[in-house]
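**Student:** Got a structure for you, questions after.
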Amino acid sequence: MAIREILVVPDPLLKQKSLPVAAVDDDLRALMDDMLETMYAAPGIGLAAVQIGVAKRVIVMDLASSDEEPAPQYFINPQIVWASDETEPYEEGCLSVPDIYDEIERPSKVKLRYLNYQGEQVEEEAEGLYAVCIQHEMDHLAGKLFVDYLSPLKRARLTAKQRKKQRLAG
Ligand code: K1U
Ligand code: ZN
């Protein structure tokens with residue numbers, strides 16, 4: 001297992017559409033192991049393969065809190081097959097967009113279909129942080145970042161704030 005570098009904006013690969021995985025084999029499992037280690041080290045609660053420079057439809061996630069046992073989840077070729085009309089706001093962050101956090105409104109429940117670590121097909125419903133995080137990660141697979149939902153004015157303000165913070169940090 002290895003910790004890989006996480007790409008940050010404005011890396012052009014973050015805008016690229018990820019391609020479906022053809023086979024769930026040991027090479028793919030090694031990639032997912034590296035992704036999980038990279039995500040834990042960051043630290044984060046989710047990571048899409050494209051964030052470490054591999055444009056494949058693969059996501060890892062662990063939503064367990066610090067006082068719980070790790071609960072890694074692996075999503076290969078994930079699809080959202082249903083989304084609720086009801087939406088909910090959540091303050092999101094992104095390892096590829098350092099120091100920016102903002103409220104994004106998304107469907108509060110989604111139904112997912114994906115292949116797991118063993119390559120078995122799973123269908124399940126997600127809500128709460130699970131629904132927020134999987135939608136954020138699925139956006140990465142489409143080359144979309146959470147800040148793309150914000151107005152140009154809000155984005156400009158947040159970027160200026162981020163640059164000031166980074167200058168002050170040295
Ligand atoms: O995709 C990413 O860059 C990971 C991102 C996932 C995410 C967070 C919040 C809402 C939607 C999606 C992160 O993990 S940002 C870091 C973070 O949320 C966190 C870090 C340490 C402890 C708890 C949370
Ligand atoms: Zn992200």
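Chain lettering (A, B, ...) mirrors the order of the structure tokens, residue numbering begins at 1 for each chain separately, and ligand numbering begins at 1 in order of display.
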Give the residues close to ligand 2, within 8 Å, counting only C-alpha atoms and all ligand atoms; write them as a PyMOL selection string.

**Tutor:** chain A and resi 46-48+51+93-97+136-137+140+145-146

**Student:** Considering only helix (DSSP H, G or I) as DSSP defines it on the backbone, what residues of chain A qualify? List them as a compact mmCIF listing (two decimals) with all heavy atoms, in the first residue's frame.

**Tutor:**
# COMPACT_ATOMS: atom_id res chain seq x y z
N PRO A 12 -5.73 20.07 -14.58
CA PRO A 12 -6.75 19.81 -15.61
C PRO A 12 -7.37 18.41 -15.52
O PRO A 12 -8.50 18.20 -15.98
CB PRO A 12 -6.00 19.99 -16.94
CG PRO A 12 -4.56 19.99 -16.60
CD PRO A 12 -4.41 20.38 -15.18
N LEU A 13 -6.66 17.45 -14.91
CA LEU A 13 -7.21 16.09 -14.81
C LEU A 13 -8.49 16.06 -13.97
O LEU A 13 -9.38 15.23 -14.18
CB LEU A 13 -6.16 15.13 -14.22
CG LEU A 13 -6.40 13.66 -14.50
CD1 LEU A 13 -6.38 13.36 -16.00
CD2 LEU A 13 -5.39 12.78 -13.79
N LEU A 14 -8.61 17.01 -13.03
CA LEU A 14 -9.81 17.05 -12.18
C LEU A 14 -11.07 17.37 -12.98
O LEU A 14 -12.18 17.16 -12.51
CB LEU A 14 -9.62 18.06 -11.04
CG LEU A 14 -8.57 17.68 -9.99
CD1 LEU A 14 -8.26 18.87 -9.10
CD2 LEU A 14 -9.02 16.48 -9.17
N LYS A 15 -10.89 17.88 -14.19
CA LYS A 15 -12.03 18.23 -15.07
C LYS A 15 -12.37 17.08 -16.02
O LYS A 15 -13.33 17.15 -16.79
CB LYS A 15 -11.69 19.48 -15.91
CG LYS A 15 -11.52 20.73 -15.08
CD LYS A 15 -12.85 21.43 -14.93
CE LYS A 15 -12.92 22.30 -13.71
NZ LYS A 15 -14.24 22.44 -13.16
N ASP A 26 -6.91 -7.97 -9.03
CA ASP A 26 -5.98 -7.60 -7.96
C ASP A 26 -5.33 -6.23 -8.20
O ASP A 26 -5.04 -5.51 -7.25
CB ASP A 26 -4.92 -8.69 -7.77
CG ASP A 26 -5.51 -9.92 -7.10
OD1 ASP A 26 -6.63 -9.82 -6.53
OD2 ASP A 26 -4.87 -11.00 -7.15
N ASP A 27 -5.10 -5.86 -9.47
CA ASP A 27 -4.53 -4.54 -9.76
C ASP A 27 -5.48 -3.43 -9.30
O ASP A 27 -5.06 -2.42 -8.74
CB ASP A 27 -4.27 -4.37 -11.27
CG ASP A 27 -3.04 -5.13 -11.72
OD1 ASP A 27 -2.28 -5.60 -10.85
OD2 ASP A 27 -2.85 -5.28 -12.94
N LEU A 28 -6.79 -3.65 -9.56
CA LEU A 28 -7.77 -2.64 -9.15
C LEU A 28 -7.86 -2.59 -7.62
O LEU A 28 -7.94 -1.51 -7.02
CB LEU A 28 -9.15 -2.95 -9.75
CG LEU A 28 -10.15 -1.82 -9.51
CD1 LEU A 28 -9.90 -0.65 -10.46
CD2 LEU A 28 -11.59 -2.28 -9.64
N ARG A 29 -7.81 -3.78 -6.98
CA ARG A 29 -7.87 -3.81 -5.50
C ARG A 29 -6.64 -3.10 -4.91
O ARG A 29 -6.75 -2.40 -3.91
CB ARG A 29 -8.01 -5.24 -4.99
CG ARG A 29 -9.46 -5.73 -5.07
CD ARG A 29 -9.64 -7.09 -4.43
NE ARG A 29 -9.30 -8.14 -5.37
CZ ARG A 29 -10.18 -8.70 -6.21
NH1 ARG A 29 -11.45 -8.35 -6.18
NH2 ARG A 29 -9.79 -9.63 -7.05
N ALA A 30 -5.46 -3.22 -5.57
CA ALA A 30 -4.25 -2.52 -5.09
C ALA A 30 -4.45 -1.01 -5.21
O ALA A 30 -4.06 -0.25 -4.31
CB ALA A 30 -3.04 -2.98 -5.89
N LEU A 31 -5.08 -0.57 -6.31
CA LEU A 31 -5.38 0.86 -6.49
C LEU A 31 -6.31 1.34 -5.36
O LEU A 31 -6.07 2.38 -4.74
CB LEU A 31 -6.04 1.12 -7.85
CG LEU A 31 -6.65 2.51 -8.05
CD1 LEU A 31 -5.56 3.58 -8.15
CD2 LEU A 31 -7.55 2.57 -9.29
N MET A 32 -7.34 0.54 -5.06
CA MET A 32 -8.32 0.94 -4.03
C MET A 32 -7.66 0.95 -2.65
O MET A 32 -7.98 1.80 -1.81
CB MET A 32 -9.54 0.02 -4.06
CG MET A 32 -10.35 0.17 -5.36
SD MET A 32 -11.95 -0.63 -5.32
CE MET A 32 -11.49 -2.35 -5.34
N ASP A 33 -6.72 0.03 -2.40
CA ASP A 33 -5.99 0.02 -1.12
C ASP A 33 -5.16 1.30 -0.99
O ASP A 33 -5.14 1.94 0.07
CB ASP A 33 -5.07 -1.21 -1.03
CG ASP A 33 -5.83 -2.53 -0.95
OD1 ASP A 33 -7.06 -2.49 -0.69
OD2 ASP A 33 -5.22 -3.59 -1.16
N ASP A 34 -4.48 1.70 -2.08
CA ASP A 34 -3.70 2.96 -2.06
C ASP A 34 -4.61 4.16 -1.85
O ASP A 34 -4.27 5.10 -1.11
CB ASP A 34 -2.96 3.16 -3.40
CG ASP A 34 -1.71 2.30 -3.51
OD1 ASP A 34 -1.41 1.54 -2.57
OD2 ASP A 34 -1.04 2.39 -4.56
N MET A 35 -5.79 4.14 -2.50
CA MET A 35 -6.73 5.26 -2.35
C MET A 35 -7.17 5.40 -0.90
O MET A 35 -7.25 6.50 -0.35
CB MET A 35 -7.96 5.06 -3.25
CG MET A 35 -7.69 5.27 -4.73
SD MET A 35 -9.10 4.77 -5.74
CE MET A 35 -10.36 5.90 -5.21
N LEU A 36 -7.46 4.25 -0.28
CA LEU A 36 -7.95 4.30 1.11
C LEU A 36 -6.85 4.84 2.03
O LEU A 36 -7.11 5.70 2.88
CB LEU A 36 -8.38 2.89 1.55
CG LEU A 36 -9.30 2.88 2.75
CD1 LEU A 36 -10.68 3.42 2.39
CD2 LEU A 36 -9.42 1.47 3.33
N GLU A 37 -5.61 4.36 1.83
CA GLU A 37 -4.51 4.83 2.67
C GLU A 37 -4.28 6.33 2.47
O GLU A 37 -4.05 7.07 3.43
CB GLU A 37 -3.24 4.03 2.33
CG GLU A 37 -2.18 4.18 3.41
CD GLU A 37 -0.92 3.37 3.15
OE1 GLU A 37 -0.86 2.62 2.15
OE2 GLU A 37 0.00 3.49 3.97
N THR A 38 -4.37 6.77 1.21
CA THR A 38 -4.20 8.20 0.90
C THR A 38 -5.30 9.03 1.57
O THR A 38 -5.04 10.09 2.14
CB THR A 38 -4.24 8.40 -0.65
OG1 THR A 38 -3.25 7.55 -1.24
CG2 THR A 38 -4.01 9.84 -1.05
N MET A 39 -6.55 8.51 1.51
CA MET A 39 -7.69 9.22 2.11
C MET A 39 -7.53 9.31 3.63
O MET A 39 -7.74 10.37 4.22
CB MET A 39 -8.99 8.48 1.76
CG MET A 39 -10.24 9.16 2.24
SD MET A 39 -11.64 8.03 2.18
CE MET A 39 -11.37 7.09 3.68
N TYR A 40 -7.13 8.20 4.28
CA TYR A 40 -6.95 8.22 5.74
C TYR A 40 -5.85 9.20 6.14
O TYR A 40 -5.94 9.90 7.14
CB TYR A 40 -6.60 6.83 6.27
CG TYR A 40 -7.76 5.85 6.33
CD1 TYR A 40 -7.57 4.50 6.00
CD2 TYR A 40 -9.04 6.24 6.74
CE1 TYR A 40 -8.61 3.58 6.07
CE2 TYR A 40 -10.09 5.32 6.79
CZ TYR A 40 -9.87 4.00 6.46
OH TYR A 40 -10.90 3.10 6.51
N ALA A 41 -4.77 9.26 5.32
CA ALA A 41 -3.63 10.13 5.65
C ALA A 41 -3.97 11.60 5.49
O ALA A 41 -3.36 12.45 6.15
CB ALA A 41 -2.44 9.76 4.77
N ALA A 49 -10.82 8.10 -7.62
CA ALA A 49 -9.51 7.73 -8.20
C ALA A 49 -8.89 8.88 -8.99
O ALA A 49 -7.67 9.07 -8.96
CB ALA A 49 -9.69 6.50 -9.09
N VAL A 50 -9.72 9.69 -9.64
CA VAL A 50 -9.19 10.79 -10.46
C VAL A 50 -8.42 11.80 -9.59
O VAL A 50 -7.52 12.48 -10.08
CB VAL A 50 -10.33 11.47 -11.27
CG1 VAL A 50 -11.29 12.23 -10.37
CG2 VAL A 50 -9.76 12.36 -12.36
N GLN A 51 -8.74 11.85 -8.29
CA GLN A 51 -8.04 12.79 -7.40
C GLN A 51 -6.57 12.37 -7.17
O GLN A 51 -5.77 13.17 -6.72
CB GLN A 51 -8.76 12.92 -6.05
CG GLN A 51 -10.11 13.61 -6.16
CD GLN A 51 -10.82 13.72 -4.82
OE1 GLN A 51 -11.49 12.79 -4.40
NE2 GLN A 51 -10.63 14.83 -4.14
N ILE A 52 -6.25 11.09 -7.48
CA ILE A 52 -4.83 10.70 -7.44
C ILE A 52 -4.32 10.45 -8.87
O ILE A 52 -3.33 9.75 -9.07
CB ILE A 52 -4.56 9.48 -6.51
CG1 ILE A 52 -5.38 8.25 -6.92
CG2 ILE A 52 -4.82 9.86 -5.06
CD1 ILE A 52 -4.84 6.95 -6.35
N GLY A 128 -28.39 11.10 4.58
CA GLY A 128 -27.47 11.78 5.50
C GLY A 128 -26.11 12.00 4.84
O GLY A 128 -26.00 12.22 3.64
N LEU A 129 -25.04 11.89 5.65
CA LEU A 129 -23.69 12.14 5.16
C LEU A 129 -23.31 11.17 4.03
O LEU A 129 -22.57 11.52 3.11
CB LEU A 129 -22.67 12.06 6.32
CG LEU A 129 -21.22 12.37 5.97
CD1 LEU A 129 -21.06 13.74 5.31
CD2 LEU A 129 -20.34 12.28 7.20
N TYR A 130 -23.83 9.93 4.11
CA TYR A 130 -23.56 8.94 3.05
C TYR A 130 -24.05 9.47 1.70
O TYR A 130 -23.32 9.44 0.69
CB TYR A 130 -24.25 7.63 3.44
CG TYR A 130 -23.99 6.43 2.55
CD1 TYR A 130 -23.00 6.44 1.58
CD2 TYR A 130 -24.76 5.27 2.70
CE1 TYR A 130 -22.78 5.32 0.77
CE2 TYR A 130 -24.54 4.16 1.90
CZ TYR A 130 -23.56 4.19 0.93
OH TYR A 130 -23.34 3.09 0.14
N ALA A 131 -25.27 10.01 1.67
CA ALA A 131 -25.83 10.54 0.42
C ALA A 131 -25.02 11.75 -0.07
O ALA A 131 -24.74 11.89 -1.26
CB ALA A 131 -27.30 10.92 0.62
N VAL A 132 -24.63 12.63 0.87
CA VAL A 132 -23.86 13.83 0.50
C VAL A 132 -22.53 13.41 -0.12
O VAL A 132 -22.14 13.86 -1.21
CB VAL A 132 -23.59 14.72 1.74
CG1 VAL A 132 -22.62 15.85 1.40
CG2 VAL A 132 -24.88 15.27 2.33
N CYS A 133 -21.83 12.52 0.59
CA CYS A 133 -20.47 12.15 0.18
C CYS A 133 -20.46 11.39 -1.15
O CYS A 133 -19.64 11.70 -2.03
CB CYS A 133 -19.82 11.34 1.30
SG CYS A 133 -18.03 11.26 1.12
N ILE A 134 -21.40 10.46 -1.33
CA ILE A 134 -21.38 9.69 -2.59
C ILE A 134 -21.71 10.62 -3.78
O ILE A 134 -21.11 10.49 -4.85
CB ILE A 134 -22.30 8.44 -2.54
CG1 ILE A 134 -22.01 7.51 -3.72
CG2 ILE A 134 -23.78 8.77 -2.51
CD1 ILE A 134 -20.71 6.79 -3.70
N GLN A 135 -22.59 11.59 -3.58
CA GLN A 135 -22.91 12.52 -4.68
C GLN A 135 -21.72 13.41 -5.00
O GLN A 135 -21.41 13.69 -6.16
CB GLN A 135 -24.15 13.35 -4.34
CG GLN A 135 -25.42 12.51 -4.33
CD GLN A 135 -26.64 13.35 -3.94
OE1 GLN A 135 -27.19 14.07 -4.76
NE2 GLN A 135 -27.06 13.25 -2.69
N HIS A 136 -21.01 13.85 -3.94
CA HIS A 136 -19.79 14.67 -4.13
C HIS A 136 -18.74 13.86 -4.91
O HIS A 136 -18.13 14.36 -5.86
CB HIS A 136 -19.26 15.06 -2.74
CG HIS A 136 -17.95 15.79 -2.73
ND1 HIS A 136 -17.82 17.11 -2.34
CD2 HIS A 136 -16.69 15.38 -3.05
CE1 HIS A 136 -16.55 17.47 -2.44
NE2 HIS A 136 -15.84 16.43 -2.86
N GLU A 137 -18.56 12.58 -4.52
CA GLU A 137 -17.54 11.75 -5.18
C GLU A 137 -17.95 11.41 -6.61
O GLU A 137 -17.11 11.36 -7.51
CB GLU A 137 -17.27 10.47 -4.38
CG GLU A 137 -16.79 10.70 -2.94
CD GLU A 137 -15.56 11.60 -2.83
OE1 GLU A 137 -14.77 11.66 -3.79
OE2 GLU A 137 -15.41 12.26 -1.80
N MET A 138 -19.25 11.16 -6.83
CA MET A 138 -19.73 10.88 -8.20
C MET A 138 -19.52 12.09 -9.10
O MET A 138 -19.24 11.95 -10.30
CB MET A 138 -21.21 10.50 -8.19
CG MET A 138 -21.52 9.27 -7.40
SD MET A 138 -21.55 7.73 -8.29
CE MET A 138 -22.56 8.02 -9.65
N ASP A 139 -19.64 13.28 -8.54
CA ASP A 139 -19.35 14.49 -9.32
C ASP A 139 -17.89 14.49 -9.79
O ASP A 139 -17.60 14.88 -10.92
CB ASP A 139 -19.61 15.76 -8.49
CG ASP A 139 -21.06 16.20 -8.53
OD1 ASP A 139 -21.83 15.65 -9.34
OD2 ASP A 139 -21.44 17.09 -7.74
N HIS A 140 -16.95 14.03 -8.91
CA HIS A 140 -15.54 13.95 -9.34
C HIS A 140 -15.42 13.07 -10.59
O HIS A 140 -14.64 13.36 -11.49
CB HIS A 140 -14.68 13.35 -8.23
CG HIS A 140 -14.23 14.34 -7.19
ND1 HIS A 140 -13.46 15.42 -7.49
CD2 HIS A 140 -14.43 14.38 -5.84
CE1 HIS A 140 -13.20 16.11 -6.39
NE2 HIS A 140 -13.79 15.50 -5.37
N LEU A 141 -16.20 11.97 -10.64
CA LEU A 141 -16.12 11.05 -11.80
C LEU A 141 -16.62 11.73 -13.08
O LEU A 141 -16.27 11.33 -14.18
CB LEU A 141 -16.93 9.77 -11.55
CG LEU A 141 -16.61 8.98 -10.27
CD1 LEU A 141 -17.37 7.66 -10.26
CD2 LEU A 141 -15.11 8.72 -10.13
N PHE A 146 -17.27 20.60 -6.22
CA PHE A 146 -18.40 21.19 -5.48
C PHE A 146 -18.47 22.70 -5.66
O PHE A 146 -19.55 23.29 -5.66
CB PHE A 146 -18.39 20.77 -3.99
CG PHE A 146 -17.49 21.58 -3.10
CD1 PHE A 146 -18.02 22.55 -2.27
CD2 PHE A 146 -16.13 21.36 -3.07
CE1 PHE A 146 -17.21 23.30 -1.42
CE2 PHE A 146 -15.30 22.11 -2.24
CZ PHE A 146 -15.84 23.08 -1.42
N VAL A 147 -17.30 23.34 -5.88
CA VAL A 147 -17.30 24.80 -6.06
C VAL A 147 -17.96 25.21 -7.39
O VAL A 147 -18.34 26.37 -7.57
CB VAL A 147 -15.87 25.40 -5.95
CG1 VAL A 147 -15.39 25.42 -4.52
CG2 VAL A 147 -14.88 24.65 -6.83
N ASP A 148 -18.11 24.25 -8.33
CA ASP A 148 -18.79 24.56 -9.60
C ASP A 148 -20.27 24.88 -9.39
O ASP A 148 -20.92 25.43 -10.27
CB ASP A 148 -18.67 23.38 -10.59
CG ASP A 148 -17.22 23.12 -11.00
OD1 ASP A 148 -16.40 24.05 -10.87
OD2 ASP A 148 -16.91 22.00 -11.43
N TYR A 149 -20.82 24.50 -8.20
CA TYR A 149 -22.24 24.81 -7.90
C TYR A 149 -22.40 26.25 -7.41
O TYR A 149 -23.52 26.76 -7.33
CB TYR A 149 -22.78 23.88 -6.81
CG TYR A 149 -22.97 22.45 -7.25
CD1 TYR A 149 -22.05 21.47 -6.93
CD2 TYR A 149 -24.10 22.08 -7.99
CE1 TYR A 149 -22.22 20.15 -7.33
CE2 TYR A 149 -24.29 20.77 -8.39
CZ TYR A 149 -23.35 19.80 -8.06
OH TYR A 149 -23.53 18.51 -8.48
N PRO A 152 -20.34 32.65 -9.60
CA PRO A 152 -18.99 33.16 -9.90
C PRO A 152 -18.52 34.16 -8.84
O PRO A 152 -17.35 34.15 -8.45
CB PRO A 152 -19.16 33.83 -11.26
CG PRO A 152 -20.33 33.15 -11.88
CD PRO A 152 -21.24 32.77 -10.75
N LEU A 153 -19.44 34.97 -8.32
CA LEU A 153 -19.07 35.98 -7.32
C LEU A 153 -18.61 35.28 -6.03
O LEU A 153 -17.58 35.61 -5.45
CB LEU A 153 -20.26 36.90 -7.04
CG LEU A 153 -20.02 37.98 -6.00
CD1 LEU A 153 -18.92 38.94 -6.45
CD2 LEU A 153 -21.31 38.77 -5.71
N LYS A 154 -19.39 34.30 -5.59
CA LYS A 154 -19.05 33.58 -4.36
C LYS A 154 -17.73 32.85 -4.52
O LYS A 154 -16.89 32.84 -3.63
CB LYS A 154 -20.17 32.59 -4.01
CG LYS A 154 -20.08 32.10 -2.61
CD LYS A 154 -21.40 31.60 -2.11
CE LYS A 154 -21.32 31.48 -0.59
NZ LYS A 154 -22.50 30.85 -0.04
N ARG A 155 -17.52 32.26 -5.69
CA ARG A 155 -16.28 31.53 -5.95
C ARG A 155 -15.08 32.47 -5.90
O ARG A 155 -14.05 32.15 -5.33
CB ARG A 155 -16.33 30.87 -7.32
CG ARG A 155 -16.76 29.44 -7.21
CD ARG A 155 -17.09 28.88 -8.53
NE ARG A 155 -15.91 28.47 -9.29
CZ ARG A 155 -16.01 27.81 -10.43
NH1 ARG A 155 -17.19 27.50 -10.91
NH2 ARG A 155 -14.95 27.45 -11.08
N ALA A 156 -15.24 33.66 -6.50
CA ALA A 156 -14.16 34.64 -6.54
C ALA A 156 -13.81 35.08 -5.11
O ALA A 156 -12.64 35.19 -4.75
CB ALA A 156 -14.56 35.84 -7.39
N ARG A 157 -14.87 35.30 -4.29
CA ARG A 157 -14.64 35.72 -2.90
C ARG A 157 -13.90 34.64 -2.12
O ARG A 157 -12.96 34.91 -1.39
CB ARG A 157 -15.97 36.01 -2.22
CG ARG A 157 -16.53 37.36 -2.58
CD ARG A 157 -17.67 37.71 -1.64
NE ARG A 157 -18.27 38.96 -2.05
CZ ARG A 157 -19.59 39.19 -2.06
NH1 ARG A 157 -20.43 38.26 -1.68
NH2 ARG A 157 -20.06 40.35 -2.42
N LEU A 158 -14.35 33.37 -2.29
CA LEU A 158 -13.73 32.26 -1.56
C LEU A 158 -12.29 32.05 -2.00
O LEU A 158 -11.42 31.78 -1.19
CB LEU A 158 -14.55 30.98 -1.76
CG LEU A 158 -15.86 30.91 -0.97
CD1 LEU A 158 -16.70 29.73 -1.44
CD2 LEU A 158 -15.60 30.81 0.52
N THR A 159 -12.03 32.20 -3.31
CA THR A 159 -10.67 32.01 -3.82
C THR A 159 -9.74 33.09 -3.26
O THR A 159 -8.61 32.80 -2.87
CB THR A 159 -10.66 32.04 -5.37
OG1 THR A 159 -11.65 31.11 -5.81
CG2 THR A 159 -9.32 31.66 -5.95
N ALA A 160 -10.24 34.34 -3.18
CA ALA A 160 -9.43 35.43 -2.63
C ALA A 160 -9.11 35.15 -1.16
O ALA A 160 -7.97 35.33 -0.71
CB ALA A 160 -10.18 36.75 -2.78
N LYS A 161 -10.13 34.66 -0.42
CA LYS A 161 -9.95 34.33 1.00
C LYS A 161 -8.93 33.20 1.16
O LYS A 161 -8.05 33.25 2.01
CB LYS A 161 -11.32 33.89 1.56
CG LYS A 161 -11.54 34.26 3.02
CD LYS A 161 -13.00 34.10 3.34
CE LYS A 161 -13.20 33.26 4.56
NZ LYS A 161 -14.60 32.97 4.82
N GLN A 162 -9.05 32.20 0.26
CA GLN A 162 -8.14 31.05 0.31
C GLN A 162 -6.70 31.49 0.05
O GLN A 162 -5.77 31.09 0.75
CB GLN A 162 -8.59 30.04 -0.76
CG GLN A 162 -7.69 28.84 -0.94
CD GLN A 162 -7.97 28.17 -2.29
OE1 GLN A 162 -8.37 28.83 -3.26
NE2 GLN A 162 -7.78 26.87 -2.36
N ARG A 163 -6.52 32.38 -0.95
CA ARG A 163 -5.15 32.85 -1.30
C ARG A 163 -4.55 33.63 -0.14
O ARG A 163 -3.38 33.46 0.17
CB ARG A 163 -5.20 33.73 -2.56
CG ARG A 163 -5.57 32.92 -3.77
CD ARG A 163 -4.90 33.46 -5.04
NE ARG A 163 -5.22 32.57 -6.15
CZ ARG A 163 -6.02 32.89 -7.16
NH1 ARG A 163 -6.57 34.08 -7.23
NH2 ARG A 163 -6.26 32.02 -8.12
N LYS A 164 -5.40 34.45 0.53
CA LYS A 164 -4.91 35.26 1.65
C LYS A 164 -4.45 34.32 2.77
O LYS A 164 -3.37 34.49 3.34
CB LYS A 164 -6.05 36.17 2.14
CG LYS A 164 -5.60 37.21 3.14
CD LYS A 164 -6.69 38.19 3.47
CE LYS A 164 -6.28 39.07 4.63
NZ LYS A 164 -7.43 39.80 5.17
N LYS A 165 -5.27 33.29 3.05
CA LYS A 165 -4.97 32.33 4.11
C LYS A 165 -3.65 31.60 3.80
O LYS A 165 -2.80 31.43 4.67
CB LYS A 165 -6.12 31.31 4.19
CG LYS A 165 -6.27 30.65 5.53
CD LYS A 165 -7.54 29.86 5.58
CE LYS A 165 -7.46 28.84 6.71
NZ LYS A 165 -8.61 27.96 6.72
N GLN A 166 -3.48 31.22 2.52
CA GLN A 166 -2.26 30.50 2.12
C GLN A 166 -1.03 31.40 2.21
O GLN A 166 0.04 30.95 2.59
CB GLN A 166 -2.43 29.90 0.73
CG GLN A 166 -3.32 28.67 0.75
CD GLN A 166 -3.78 28.21 -0.63
OE1 GLN A 166 -3.54 28.89 -1.63
NE2 GLN A 166 -4.45 27.08 -0.68
N ARG A 167 -1.21 32.72 1.88
CA ARG A 167 -0.09 33.68 1.98
C ARG A 167 0.33 33.83 3.42
O ARG A 167 1.52 33.79 3.75
CB ARG A 167 -0.53 35.06 1.44
CG ARG A 167 -0.04 35.35 0.04
CD ARG A 167 -0.06 36.83 -0.32
NE ARG A 167 -1.15 37.60 0.22
CZ ARG A 167 -2.35 37.75 -0.35
NH1 ARG A 167 -2.61 37.15 -1.49
NH2 ARG A 167 -3.30 38.48 0.21
N LEU A 168 -0.66 33.96 4.32
CA LEU A 168 -0.37 34.15 5.74
C LEU A 168 0.32 32.92 6.35
O LEU A 168 1.16 33.03 7.23
CB LEU A 168 -1.65 34.47 6.53
CG LEU A 168 -2.27 35.84 6.26
CD1 LEU A 168 -3.62 35.99 6.93
CD2 LEU A 168 -1.33 36.95 6.74

**Student:** Write out as a list in words each polymer residue whose atoms come within 9 Å of A:Leu19, counting only C-alpha atoms; drop sequence neighbours fewer than 3 positions from it.

**Tutor:** Ala55, Lys56, Arg57, Asn77 and Leu141 of chain A

**Student:** Out of A:Val8, A:Val110, A:Val122, A:Val54, which residue has the shortest atom-to-atom distance to ligand 1 when counting only C-alpha atoms and all ligand atoms?

**Tutor:** A:Val8

**Student:** Find the spatial neighbours of A:Pro78, counting only C-alpha atoms, within a cut-off of 8 Å - ignore same-chain residues fewer than 6 positions away - and output them as a list in words.

**Tutor:**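 So the residues in contact are Arg57, Val58, Leu112, Arg113, Tyr114, Leu115 and Met138 of chain A.
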